[in-house]
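**Student:** Before I ask anything, here is the structure I am working with.
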Amino acid sequence: MVTRSCAMATCMRIRSFHWLHCLGWLFVLVPAPSYSADTTQTTSVLKLSEDRAVKDFIRFINATDMVEAKYKLSIEYLCSEPSTVGVEVLVSTDAKIGVTIYRKKWKCKKRLNTFSNRTLWVKFPSIMLYRPDNLIKHSIDINNVILRAWIINTNRGASENHEATFYEQAITRTYKLLKTFSPFERPYKDHKHCLQWDTEKIEAIKEKHIPQCLLENDVVELLCFPFASTGLSYGITKRLKTFNNLEMELTGKQLLNNPRFTISIWIYVLKTCKRHLCGIFHQINEKQKYGTPLLFLTSNGNIHFQMMLSSGKNVAGLSNFKVVLRRWCRLDLTMQGRHMTLTVSYGEKLQARENALYTFPEDVHHDVLAGYYVLGGSNYVQSFEGFIGPVKFYRVMGKKGEKISNPLVSAHNVDKHIDRYYRKCKHFNPLIIKYFKSLGLLKTIEKRTRNNYYYSQLLNGRKDDDDNKCPARPWGKRTEKRYKALFDLLQTMASDSLIDATHLPNLPSILIKVGEKLYWKTMEKLTGADGIKQIGHHITSLIEASCCGYYKAAYLLGVIFETGLGVDVQPSKGILYSLVAAQGNDRLALLHLGYKHDQGIDGYPLDYDVSYGYYINIAQRTVKDRHDFNVEQALVEHVRLMDDSVLQRQTKENDDLFLWLRYQAKRGDAFAQQKLARMLYWGQQGITRDVQSAMKWYSRSAMELRHPASMFEYGLFLIKGQGVKKNIVLGLKLITEAASKGIPEAINALGWYYETHQKDYVKAAAHWKEAVKRGNLDAFHNLGVLYESGTYPGKPQKNLTEAFPYYYKAGFGGHFESLVRCSFFWNTGNFESIPHDPKQAVLWARYVAEQNGFLGYNMRKALDAYLQNSWNEALLYFLITAETGIELSQTNVAYLCEERTELMNSCADFTWRYYNLSTFQQNVHPFVLVKMGDFYYYGHKSHEKDIEQSIEMYTSAALLNYSQAFYNLGSLAEEGLHIPQSVSDLLKLNTRNQFTNFTLQQELYERCITVDVEEAFIPCSIALLRVHLKTMWINTYTPVLLYTAISMLLSTLICFALKRYRDFTAVASSVNEHPSDLNSSSENIQAGEALSEEAS
């Protein structure tokens, strides 16, 4: 419903009713009975007699019906004893009731028992009478105007300080209801003075303009694109904005305890809920508790609904129907006061419907703007496994059936592709089971399966124990030919222990293992010679692997179809497989979807709430993954392929750099031992992660050399029992000694020990305060935890207001857990003094998610393949990490495609795409900006030349102090191209007073030299020399020109020779020293790397 809250419409609606209905609005103001809207009768507490000369009396002689600018009011009254006579005007609006705008009182002492007349001039405010103009800024809408008069006996205790009680205590009184014009029916006021000509012109334009009220739709589209629900505690958080329309805002307030709303949600449930309840939709109110409404899925497939009553109690119930698996269905929840209707419908045309009706015992409380709403899971409940489709919320209207407009429509018909995919997999997976059955292994497998009900129904249909062994090849030759790769793999695996009954945990594990084998077998072919060019032949194998539940294959399919890697670009399939992989909780797929929704590219709508729902999943798991030593992970390192110096620092266990470091460590070098331990623990610089070996070097450095940093780290490992046998006594001793030597991390660790093991919050807080003074990020976070949990000494109440600044300081420094915590506060906006900022929430959650060890492992595999000249493998792994939004990988993909154009036919397109995507990243490298500037300057394939864009890219790179950018801008100026003055202002060039093309060139080339003396000195000096020669050629005689040119040339050659000599001596002097790469990366562990999860 679309409404316009026009004051005129409101007033006309009031006038359309009989005035008796309007009197109901005045009961709070007029406690005495009323007769009609036009009455002039007097209501008195005294019974009127026929002899009016001896009784108190008051009435309006010339009462008007409409409010007037200058109202001359005549009153007739009679007083039987000394009294006070009063007249006042009360006004009521939507915002306030009973506002006094006029009051007049006088004494009645001398002429008692005699009729008297009095004339008053009643003045009304201009905002009630006229339309707004240049002097009257606002014109208010009036609901009611009451003119009333009274007589109160002076001796009856009327107090002058309680004027509001005069009317109620009066011995006689009367009133009159006055009408007003709506704001748009009122005239303009003649202010009796002339306006300036410009003001008069503006007012004439405004007079012809017809004001319109704000247009606002009652319906809020909470979700328009499918969301992958993983079955974990993550979902989409939506906080509704306040109403812009005043009438809708008032309606919402009036419906707090008499709600009228409708929620319409499309869901696709893959599996029954594994827990008691799984989240579909729920509200979290401002008190961090469940509000109205709640929709959960039970383990039996029913819908659990729950509402909060006006008394504060919660009432819940179950639907009499169950949700059908693997089929799109729409849930419609409608509230009409106390009456609830829950409907489930299936199919696009909503053919099959089932209803559940419920009437609550008392009024239901629902504040549409309180707290936030959650689709899927949250910190309080885990989500169901499947997908969430379009969601619409009718905020102040309850609709049913066909009146609800929420069709199953999504971009590229993704909803239809999802249904087809799972139907296809439903017919594919039984082939594997039949193969097992043909070997007589199925019964043994099922006996070892404790929870195989779902898979039995999905893969085998009706169970038949008598038919345990089938004849060979029951599927037919056509099927075997169609799935040749699958059956070849199963035949190879038949003699392997993979399907040996003694090694089978359950049926799902078997399917995933088959999918894993299919995937890696396909990857071997793709990473071989011309593998990428033949990628179209391996799509079927990847689809089969994804159907088996190996979601790495699904994500790779999504990347292939979205980017057009060896195939035509097919956005619908790319989105499909990305969603399938994300639903299966694949980390790279979740990062991929978070990035696409953050940027709003490649067919994904821009939605920060959806993006956060994906990123927070990986961010929280990143913190946990860092302590999981049983999986393949690596530290995310920033290695660019165009940076030769960084590439040379990469090593392996058998490379010279690592062997030299180990040699120095064995000799007792404390620095080498600590560096070696960290490289092995985190898997840095190409070293495979080896926690056990890392512990040995930590032990030697801490126990033998008493290195303070090693003592802290090894002591923490001992206390936690991570990678080494737990020894709290020894660990505490080492940390205490390290703290005594002033190591901030050790001081923080002591606080963590007292808080975790001793529950001594006083000592814990004292140590953390000391560590905070030394800048330790973990201590900032831990103090925030104390405040939030209410365990801070002397402050037992939970205080998020004091906790948030500590979280923010730690997060700003890079502390993972604080980053995650702050992002949650910004995303929900449900906490006092912390604003709702979904964009900032995405930014901080994304930072943590992009440090995930699984992502780092794939980036490391890409780099290792590049160093081994395995170009196909390097491109493939760089590509799957680039699609997660990692700027580093995007740059590397573009660089690799630019350097190795023979890898595939579309290398030029990939080069443009990923250089271009990198420019939109916050941490973009200036090299990328210069590259895109070159592409715009020369034109690139289907992209035409764009000099303005080229200058903009060069300018952005120059702002990052990149010498090549200054050189390119100078070259453009030499060519005679116009460099805008805004560029000079941005770069703060000193050319405003004498701005010529030559001065601009000189300034740019001089800046080119100063920002990077070592690399840019020679080319920029030659360019600067050329500019000076051109200048002198125009302004100077030839001898002087030759002399100057020779002098500058000789100076350049001498500087070049000195530079070469300096570089040579620097290399020679560094032979017997530590390599620079080891020194530069060994001072500090990154935030979160120092095992900093002390308190949670």
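Chain labels A, B, ... are given in the sequence in which chains occur in the structure tokens; within each chain residues are numbered consecutively from 1, and ligands are likewise numbered from 1 in the order shown.
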Based on the backbone DSSP call, show me all residues of range 505-535 of chain A assigned alpha helix (DSSP H), as JSON, numbers by chain.
**Tutor:** {"A": [507, 508, 509, 510, 511, 512, 513, 514, 515, 516, 517, 518, 519, 520, 521, 522, 523, 524, 525, 526]}
**Student:** Would you mind exporting the chosen residues as a PDB file, in the first residue's frame, restricted to C-alpha atoms?
**Tutor:**
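That gives us result29.pdb:
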```
ATOM      1  CA  LEU A 507      27.583 -43.108   3.390  1.00  0.00           C
ATOM      2  CA  PRO A 508      28.123 -39.334   3.215  1.00  0.00           C
ATOM      3  CA  SER A 509      31.855 -39.857   3.679  1.00  0.00           C
ATOM      4  CA  ILE A 510      31.899 -42.313   0.799  1.00  0.00           C
ATOM      5  CA  LEU A 511      30.190 -39.856  -1.535  1.00  0.00           C
ATOM      6  CA  ILE A 512      32.501 -37.013  -0.515  1.00  0.00           C
ATOM      7  CA  LYS A 513      35.538 -39.245  -0.998  1.00  0.00           C
ATOM      8  CA  VAL A 514      34.404 -40.138  -4.500  1.00  0.00           C
ATOM      9  CA  GLY A 515      33.854 -36.460  -5.239  1.00  0.00           C
ATOM     10  CA  GLU A 516      37.295 -35.596  -3.889  1.00  0.00           C
ATOM     11  CA  LYS A 517      38.925 -38.181  -6.110  1.00  0.00           C
ATOM     12  CA  LEU A 518      37.019 -36.918  -9.146  1.00  0.00           C
ATOM     13  CA  TYR A 519      38.005 -33.346  -8.378  1.00  0.00           C
ATOM     14  CA  TRP A 520      41.744 -33.944  -7.988  1.00  0.00           C
ATOM     15  CA  LYS A 521      41.850 -36.201 -10.991  1.00  0.00           C
ATOM     16  CA  THR A 522      40.280 -33.397 -13.014  1.00  0.00           C
ATOM     17  CA  MET A 523      42.669 -30.841 -11.515  1.00  0.00           C
ATOM     18  CA  GLU A 524      45.630 -32.916 -12.691  1.00  0.00           C
ATOM     19  CA  LYS A 525      44.353 -32.637 -16.229  1.00  0.00           C
ATOM     20  CA  LEU A 526      43.588 -28.922 -15.939  1.00  0.00           C
TER      21      LEU A 526
END
```
**Student:** Show which residues sit within 12 Å of Leu977 in chain A, as a PyMOL selection string. Count only C-alpha atoms, and ignore same-chain residues fewer than 3 positions away.
**Tutor:** chain A and resi 937+947-948+950-951+968-974+980+997+1000-1001
**Student:** Set out as CSV a contact list for range 235-281 of chain A and range 407-411 of chain A with a cut-off of 12 Å, giving each residue of range 235-281 of chain A that qualifies its closest atom pair and distance in Å to one decimal, counting only C-alpha atoms, ordered by chain and rising residue number.
**Tutor:**
```
residue,atom,partner,partner_atom,distance
A:Ser264,CA,A:Pro407,CA,9.8
A:Ile265,CA,A:Leu408,CA,9.7
A:Trp266,CA,A:Leu408,CA,7.3
A:Ile267,CA,A:Leu408,CA,10.0
A:Tyr268,CA,A:Leu408,CA,11.4
```
**Student:** Selected residues, N, CA, C and O atoms, written as an mmCIF file, in the first residue's frame, please.
**Tutor:**
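And here's result21.cif as it stands now:
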```cif
data_model
loop_
_atom_site.group_PDB
_atom_site.id
_atom_site.type_symbol
_atom_site.label_atom_id
_atom_site.label_comp_id
_atom_site.auth_asym_id
_atom_site.auth_seq_id
_atom_site.Cartn_x
_atom_site.Cartn_y
_atom_site.Cartn_z
ATOM 1 N N SER A 264 6.495 -12.581 4.109
ATOM 2 C CA SER A 264 6.441 -13.570 3.031
ATOM 3 C C SER A 264 7.865 -13.978 2.667
ATOM 4 O O SER A 264 8.668 -13.139 2.247
ATOM 5 N N ILE A 265 8.192 -15.261 2.851
ATOM 6 C CA ILE A 265 9.563 -15.765 2.685
ATOM 7 C C ILE A 265 9.560 -17.003 1.788
ATOM 8 O O ILE A 265 8.791 -17.946 2.013
ATOM 9 N N TRP A 266 10.420 -17.002 0.777
ATOM 10 C CA TRP A 266 10.669 -18.199 -0.029
ATOM 11 C C TRP A 266 11.863 -18.943 0.545
ATOM 12 O O TRP A 266 12.915 -18.350 0.817
ATOM 13 N N ILE A 267 11.721 -20.255 0.752
ATOM 14 C CA ILE A 267 12.826 -21.066 1.264
ATOM 15 C C ILE A 267 12.936 -22.356 0.459
ATOM 16 O O ILE A 267 11.947 -22.827 -0.129
ATOM 17 N N TYR A 268 14.144 -22.885 0.426
ATOM 18 C CA TYR A 268 14.420 -24.166 -0.240
ATOM 19 C C TYR A 268 15.218 -24.996 0.753
ATOM 20 O O TYR A 268 16.406 -24.758 0.983
#
```
**Student:** So that I can check the surroundings of Gly291 in chain A, please list as a list of chain:residue names every protein, DNA and RNA residue that reaches within 10 Å of it, counting only C-alpha atoms and ignoring chain neighbours fewer than 3 positions away.
**Tutor:**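 Listed by chain and then number, they are A:His282, A:Gln283, A:Ile284, A:Asn285, A:Glu286, A:Lys287, A:Gln288, A:Leu294, A:Gln306, A:Met307, A:Met308, A:Leu309, A:Gly312, A:Asn314, A:His365, A:His366, A:Asp367, A:Val368, A:Ala370, A:Gly371, A:Tyr372, A:Tyr373.
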**Student:** Between A:Val381, A:Ala766, A:Leu855, A:Ala803, which one has atoms that come closest to Glu832 in chain A, using only C-alpha atoms?
**Tutor:**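 That would be A:Ala803, the residue with the smallest distance to Glu832 in chain A.
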**Student:** Need to verify the contact set: Asn155 in chain A, 10 Å, only C-alpha atoms, exclusion of same-chain residues closer than 4 positions in sequence. Can you return it as an MDAnalysis selection string?
**Tutor:** chainID A and resid 81:84
**Student:** Using only C-alpha atoms, which residues sit within 9 Å of Pro125 in chain A once same-chain residues fewer than 2 positions away are excluded, as a ChimeraX atom specification?
**Tutor:** /A:69,101,123,127-129
**Student:** Only C-alpha atoms, please: the residues just picked out, written as an mmCIF file, in the first residue's frame.
**Tutor:**
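In the end it all went to selection-v7.cif:
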```cif
data_model
loop_
_atom_site.group_PDB
_atom_site.id
_atom_site.type_symbol
_atom_site.label_atom_id
_atom_site.label_comp_id
_atom_site.auth_asym_id
_atom_site.auth_seq_id
_atom_site.Cartn_x
_atom_site.Cartn_y
_atom_site.Cartn_z
ATOM 1 C CA ALA A 69 -7.717 36.093 12.035
ATOM 2 C CA ILE A 101 -2.986 29.493 22.716
ATOM 3 C CA LYS A 123 -6.000 36.322 18.262
ATOM 4 C CA ILE A 127 0.619 29.179 11.548
ATOM 5 C CA MET A 128 -3.029 28.154 12.152
ATOM 6 C CA LEU A 129 -4.505 30.621 9.668
#
```
**Student:** For a quick check of understanding, using only C-alpha atoms, which of A:Tyr595, A:Tyr358, A:Tyr663, A:Phe225 has the smallest distance to Phe920 in chain A?
**Tutor:**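 Once distances to Phe920 in chain A are computed over only C-alpha atoms, the minimum belongs to A:Tyr595.
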**Student:** Distance CA of Ile236 in chain A-CA of Gly301 in chain A, one decimal place?
**Tutor:**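 Result for CA of Ile236 in chain A versus CA of Gly301 in chain A: 21.9 Å, one decimal.
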**Student:** Would you pick out the contacts of Gly813 in chain A at 12 Å or less, using only C-alpha atoms, so that residues sharing its chain but fewer than 5 positions from it are not included, and give the list as JSON, numbers by chain?
**Tutor:** {"A": [775, 776, 777, 778, 779, 780, 781, 806, 807, 808, 818, 819, 844, 847, 1086, 1087, 1088]}
**Student:** Of the candidates A:Ile735, A:Ile719, A:Leu223, A:Leu606, which shows the shortest atom-to-atom distance to Arg706 in chain A, using only C-alpha atoms?
**Tutor:**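 Answer, going by the shortest atom-to-atom distance: A:Ile735.
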**Student:** Write out as number ranges by chain each polymer residue whose atoms come within 7 Å of Ile280 in chain A, counting only C-alpha atoms; drop sequence neighbours fewer than 5 positions from it.
**Tutor:** A: 295-297, 375-376, 383-384
**Student:** If I take CA of Asn113 in chain A and CA of Leu78 in chain A, how far is one from the other in Å, to one decimal?
**Tutor:**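 Pair CA of Asn113 in chain A / CA of Leu78 in chain A returns 6.0 Å.
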**Student:** Could you work out how far CA of Glu562 in chain A lies from CA of Asp586 in chain A, giving the answer in Å with one decimal?
**Tutor:**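 Interatomic distance here is 17.2 Å.
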